[in-house]
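Undergrad: I'd like to ask you about the structure that follows.
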Amino acid sequence: MRVFTATAAGKSTAAKTTAALAGLAALAATVLPASPAAAVPAAESAEPGNIVMFGDSIVANPPELSNFGGIRLLSAGNDTCNRGEHRLATELTATTGRVIDDHSCPGATATDSDFRKHFGEQIDRAIAAGNLNESTTHVTMLFGFNDSYKHVAPISSEAFGRDVGQRIDDIRAHAPNARLMILTYPTLTDESGNACFIHANALAPFGEAGKLRTPLPALVFAEDSIHTAQRETAESKGAEFVDIREATRGHGLCAPDPERYVSGYIDDQQEYYTASHLTHTGVREVAKIIAERF
């Protein structure tokens with residue numbers, strides 16, 4: 001049996017080989033990608049992009065009306081695009097931690113008009129500010145009620161779809177990766193088509209929800225027409241349809257005060273900024289509905 005013993009030269013060669021292999025391993029570690037288990041995808045480590053909101057006073061929730069004994073009175077200086085400190089955008093930022101660029105404006109319409117901050121102008125401002133870009137993740141829009149009495153009565157899906165559809169194309173041209181979401185208005189009337197505009201202990205029993213219900217078929221018709229136009233436009237343009245109206249049923253103008261998301265005209269039972277708009281409770285609850293889609 002032959003026995004081989006390592007000579008000094010052999011030991012030297014083996015040492016050199018081991019050192020060379022170690023060097024190659026170190027080089028590979030710096031050049032080759034890590035294994036899938038160790039790698040961290042860039043998408044998970046990167047900060048999410050911004051969210052952009054367009055809309056009218058339901059989104060802006062302006063503090064432009066003052067409160068006197070529960071009665072909301074018009075204030076002066078309504079020549080700017082007022083947004084309340086407590087509104088959907090601020091609530092969403094607080095709950096999600098996301099960057100939200102809010103371009104909503106009270107009185108805004110979907111169609112182009114001479115009125116300040118219509119949908120097209122809001123988009124122009126967002127583009128100029130660099131808010132609509134490839135990193136934008138979501139764009140929400142809520143319009144319709146101001147169109148129903150300012151321009152198109154009754155509002156039609158064709159007219160609404162034309163105006164909003166054109167703007168959706170504009171948004172996609174600048175924010176191609178964003179999810180576009182058409183929001184609906186919250187529920188206003190009850191299941192029988194009534195509205196309750198007085199919520200004040202001083203006017204009991206008329207101020208108690210359900211004691212003074214006003215049938216408003218015209219308001220129901222407007223709610224239905226706008227809701228249909230919003231849904232059909234979302235379907236035709238491939239946008240997401242966020243049905244806030246359905247999600248807030250039972251919380252409209254005639255709901256019990258603790259469960260009501262919309263303010264009355266005379267109302268000392270809820271905190272809010274503007275009559276027949278979202279109460280502060282409504283802002284929080286509607287923001288939750290939207291946040292679930294982010």
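In the structure tokens, chains take the letters A, B, ... in the order shown, each chain's residues start at 1, and ligands count up from 1 in the order shown.
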Considering only C-alpha atoms, return as a ChimeraX atom specification whatever protein or nucleic-acid residues lie within 9 Å of segment 284-292 of chain A, sequence-local ones (same chain, fewer than 5 positions apart) excluded.
TA: /A:87-89,91-92,95-96,183,186,242,244,247-248,261,278-279
Undergrad: Okay, now the selection with C-alpha atoms, as a PDB file, in the first residue's frame?
TA:
ATOM      1  CA  ARG A  87     -61.904  66.821   6.250  1.00  0.00           C
ATOM      2  CA  LEU A  88     -61.485  63.543   4.395  1.00  0.00           C
ATOM      3  CA  ALA A  89     -57.880  64.219   3.364  1.00  0.00           C
ATOM      4  CA  GLU A  91     -58.503  62.170   8.395  1.00  0.00           C
ATOM      5  CA  LEU A  92     -57.018  59.797   5.829  1.00  0.00           C
ATOM      6  CA  THR A  95     -55.223  57.068   9.848  1.00  0.00           C
ATOM      7  CA  THR A  96     -53.005  55.829   7.009  1.00  0.00           C
ATOM      8  CA  LEU A 183     -66.548  58.042  -4.997  1.00  0.00           C
ATOM      9  CA  PRO A 186     -73.073  59.509   1.348  1.00  0.00           C
ATOM     10  CA  VAL A 242     -66.492  53.234  -4.270  1.00  0.00           C
ATOM     11  CA  ILE A 244     -70.166  55.316  -0.125  1.00  0.00           C
ATOM     12  CA  ALA A 247     -71.960  51.848   2.881  1.00  0.00           C
ATOM     13  CA  THR A 248     -73.621  54.715   4.792  1.00  0.00           C
ATOM     14  CA  TYR A 261     -73.196  61.269   9.336  1.00  0.00           C
ATOM     15  CA  LEU A 278     -70.619  65.553   6.605  1.00  0.00           C
ATOM     16  CA  THR A 279     -70.529  65.883  10.356  1.00  0.00           C
TER      17      THR A 279
END
Undergrad: Enumerate, as a tab-separated table (two decimals) with N, CA and C atoms, in the first residue's frame, the complete set of residues in segment 35-282 of chain A that a backbone-based DSSP assignment places in strand (DSSP E or B).
TA:
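Below is the file states_36.tsv, written as the result:
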chain	number	residue	atom	x	y	z
A	51	ILE	N	-51.20	60.19	-2.79
A	51	ILE	CA	-52.61	60.04	-3.14
A	51	ILE	C	-53.13	61.43	-3.48
A	52	VAL	N	-53.93	61.53	-4.53
A	52	VAL	CA	-54.49	62.82	-4.94
A	52	VAL	C	-56.01	62.76	-4.83
A	53	MET	N	-56.59	63.81	-4.25
A	53	MET	CA	-58.05	63.86	-4.11
A	53	MET	C	-58.60	65.07	-4.86
A	54	PHE	N	-59.65	64.81	-5.65
A	54	PHE	CA	-60.39	65.87	-6.34
A	54	PHE	C	-61.84	65.80	-5.88
A	55	GLY	N	-62.51	66.96	-5.86
A	55	GLY	CA	-63.91	66.92	-5.46
A	55	GLY	C	-64.48	68.27	-5.12
A	65	LEU	N	-69.05	78.47	7.04
A	65	LEU	CA	-70.30	78.85	7.67
A	65	LEU	C	-70.09	78.91	9.17
A	66	SER	N	-70.68	79.91	9.78
A	66	SER	CA	-70.53	80.06	11.23
A	66	SER	C	-71.74	79.49	11.95
A	67	ASN	N	-71.56	79.19	13.22
A	67	ASN	CA	-72.61	78.56	14.00
A	67	ASN	C	-73.15	79.55	15.02
A	68	PHE	N	-74.47	79.73	15.00
A	68	PHE	CA	-75.10	80.61	15.99
A	68	PHE	C	-76.32	79.87	16.54
A	71	ILE	N	-77.71	77.22	14.29
A	71	ILE	CA	-78.13	77.64	12.96
A	71	ILE	C	-76.90	78.08	12.18
A	72	ARG	N	-76.72	77.53	11.00
A	72	ARG	CA	-75.55	77.88	10.19
A	72	ARG	C	-75.84	79.11	9.34
A	73	LEU	N	-74.97	80.07	9.42
A	73	LEU	CA	-75.14	81.33	8.70
A	73	LEU	C	-73.99	81.52	7.73
A	74	LEU	N	-74.31	82.07	6.55
A	74	LEU	CA	-73.27	82.33	5.56
A	74	LEU	C	-72.28	83.36	6.08
A	100	ILE	N	-51.17	62.92	1.13
A	100	ILE	CA	-52.37	63.16	0.34
A	100	ILE	C	-52.38	64.61	-0.13
A	101	ASP	N	-52.48	64.79	-1.44
A	101	ASP	CA	-52.56	66.12	-2.04
A	101	ASP	C	-54.02	66.39	-2.38
A	102	ASP	N	-54.62	67.31	-1.64
A	102	ASP	CA	-56.05	67.59	-1.74
A	102	ASP	C	-56.28	68.83	-2.60
A	138	HIS	N	-52.96	56.43	-5.93
A	138	HIS	CA	-54.43	56.49	-5.97
A	138	HIS	C	-54.87	57.91	-6.32
A	139	VAL	N	-55.97	58.00	-7.06
A	139	VAL	CA	-56.61	59.28	-7.34
A	139	VAL	C	-58.10	59.10	-7.09
A	140	THR	N	-58.66	59.90	-6.18
A	140	THR	CA	-60.10	59.82	-5.90
A	140	THR	C	-60.79	61.05	-6.47
A	141	MET	N	-62.06	60.89	-6.84
A	141	MET	CA	-62.83	62.02	-7.39
A	141	MET	C	-64.28	61.90	-6.96
A	142	LEU	N	-64.87	63.02	-6.59
A	142	LEU	CA	-66.27	63.07	-6.19
A	142	LEU	C	-66.90	64.36	-6.71
A	179	ARG	N	-54.37	54.01	-9.23
A	179	ARG	CA	-55.72	53.43	-9.23
A	179	ARG	C	-56.71	54.59	-9.13
A	180	LEU	N	-57.62	54.67	-10.08
A	180	LEU	CA	-58.59	55.76	-10.12
A	180	LEU	C	-59.89	55.31	-9.47
A	181	MET	N	-60.38	56.13	-8.56
A	181	MET	CA	-61.54	55.76	-7.75
A	181	MET	C	-62.61	56.84	-7.83
A	182	ILE	N	-63.78	56.48	-8.35
A	182	ILE	CA	-64.92	57.40	-8.37
A	182	ILE	C	-65.74	57.14	-7.11
A	183	LEU	N	-65.80	58.14	-6.24
A	183	LEU	CA	-66.55	58.04	-5.00
A	183	LEU	C	-67.99	58.47	-5.22
A	194	ASN	N	-87.41	60.60	2.73
A	194	ASN	CA	-87.55	61.77	3.59
A	194	ASN	C	-86.19	62.35	3.97
A	195	ALA	N	-86.21	63.64	4.28
A	195	ALA	CA	-85.04	64.32	4.83
A	195	ALA	C	-85.42	64.96	6.15
A	198	ILE	N	-83.94	69.40	10.89
A	198	ILE	CA	-83.90	70.03	12.21
A	198	ILE	C	-83.48	69.00	13.25
A	199	HIS	N	-82.39	69.30	13.93
A	199	HIS	CA	-81.89	68.45	15.00
A	199	HIS	C	-81.46	69.38	16.14
A	214	THR	N	-89.36	65.40	6.12
A	214	THR	CA	-89.84	66.12	4.94
A	214	THR	C	-89.66	65.26	3.70
A	215	PRO	N	-90.76	64.87	3.04
A	215	PRO	CA	-90.61	64.10	1.80
A	215	PRO	C	-89.97	64.98	0.72
A	240	GLU	N	-62.36	52.38	-10.39
A	240	GLU	CA	-62.99	51.70	-9.26
A	240	GLU	C	-64.20	52.51	-8.79
A	241	PHE	N	-65.27	51.81	-8.46
A	241	PHE	CA	-66.50	52.45	-7.99
A	241	PHE	C	-66.59	52.24	-6.49
A	242	VAL	N	-66.46	53.31	-5.73
A	242	VAL	CA	-66.49	53.23	-4.27
A	242	VAL	C	-67.86	53.73	-3.81
A	262	VAL	N	-74.60	63.10	8.49
A	262	VAL	CA	-74.86	64.32	7.72
A	262	VAL	C	-75.55	65.33	8.62
A	266	ILE	N	-80.63	73.14	10.99
A	266	ILE	CA	-80.61	73.60	12.38
A	266	ILE	C	-80.19	72.39	13.20
A	267	ASP	N	-79.01	72.44	13.76
A	267	ASP	CA	-78.43	71.22	14.32
A	267	ASP	C	-77.47	71.56	15.46
A	272	TYR	N	-69.95	69.91	13.27
A	272	TYR	CA	-69.83	69.94	11.81
A	272	TYR	C	-69.47	71.34	11.37
A	278	LEU	N	-71.07	66.53	5.62
A	278	LEU	CA	-70.62	65.55	6.61
A	278	LEU	C	-70.40	66.19	7.98
A	279	THR	N	-70.88	65.51	9.00
A	279	THR	CA	-70.53	65.88	10.36
A	279	THR	C	-69.09	65.42	10.61
Undergrad: Work out how far atom CA of Ser57 of chain A is from atom CA of Ala234 of chain A, in Å to one decimal.
TA: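 Spanning atom CA of Ala234 of chain A to atom CA of Ser57 of chain A is a straight-line distance of 20.9 Å.
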Undergrad: Check segment 68-202 of chain A with DSSP on the backbone and list each residue it calls alpha helix (DSSP H), as a PyMOL selection string.
TA: chain A and resi 88-96+119-128+145-150+157-174
Undergrad: What does the distance from atom CA of Tyr273 of chain A to atom CA of His86 of chain A come to in Å, to one decimal?
TA: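 Rounded to one decimal, the two atoms are 8.8 Å apart.
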Undergrad: Find the residues around segment 119-129 of chain A up to 7 Å (only C-alpha atoms counted), leave out those fewer than 6 positions away in its own chain, and share them as number ranges by chain.
TA: A: 54, 103, 108-112, 167
Undergrad: Between atom CA of Tyr265 of chain A and atom CA of Thr228 of chain A, what distance in Å does the model show, to one decimal?
TA: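 So the answer is 26.8 Å.
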Undergrad: Pick out the residues sitting within 10 Å of Asn50 of chain A, and hand them over as a list in words; count only C-alpha atoms, and ignore anything fewer than 4 positions along from it in its own chain.
TA: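 The filter keeps Arg98, Val99, Ile100, Asp101, Asn131, Leu132, Asn133, Glu134, Ser135, Thr136, Thr137, His138, Val139 and Ala178 of chain A.
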Undergrad: Can you write out the residues you just picked, keeping C-alpha atoms, as an mmCIF file, in the first residue's frame?
TA:
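After the write, result-v3.cif holds the following:
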data_model
loop_
_atom_site.group_PDB
_atom_site.id
_atom_site.type_symbol
_atom_site.label_atom_id
_atom_site.label_comp_id
_atom_site.auth_asym_id
_atom_site.auth_seq_id
_atom_site.Cartn_x
_atom_site.Cartn_y
_atom_site.Cartn_z
ATOM 1 C CA ARG A 98 -49.953 58.527 3.549
ATOM 2 C CA VAL A 99 -49.120 61.761 1.728
ATOM 3 C CA ILE A 100 -52.372 63.162 0.337
ATOM 4 C CA ASP A 101 -52.563 66.123 -2.037
ATOM 5 C CA ASN A 131 -48.739 65.894 -7.733
ATOM 6 C CA LEU A 132 -49.809 63.642 -10.617
ATOM 7 C CA ASN A 133 -46.830 61.494 -11.542
ATOM 8 C CA GLU A 134 -45.663 57.920 -12.059
ATOM 9 C CA SER A 135 -45.388 57.395 -8.295
ATOM 10 C CA THR A 136 -48.986 58.424 -7.581
ATOM 11 C CA THR A 137 -50.795 55.351 -6.255
ATOM 12 C CA HIS A 138 -54.425 56.492 -5.970
ATOM 13 C CA VAL A 139 -56.611 59.279 -7.337
ATOM 14 C CA ALA A 178 -52.501 55.182 -10.160
#
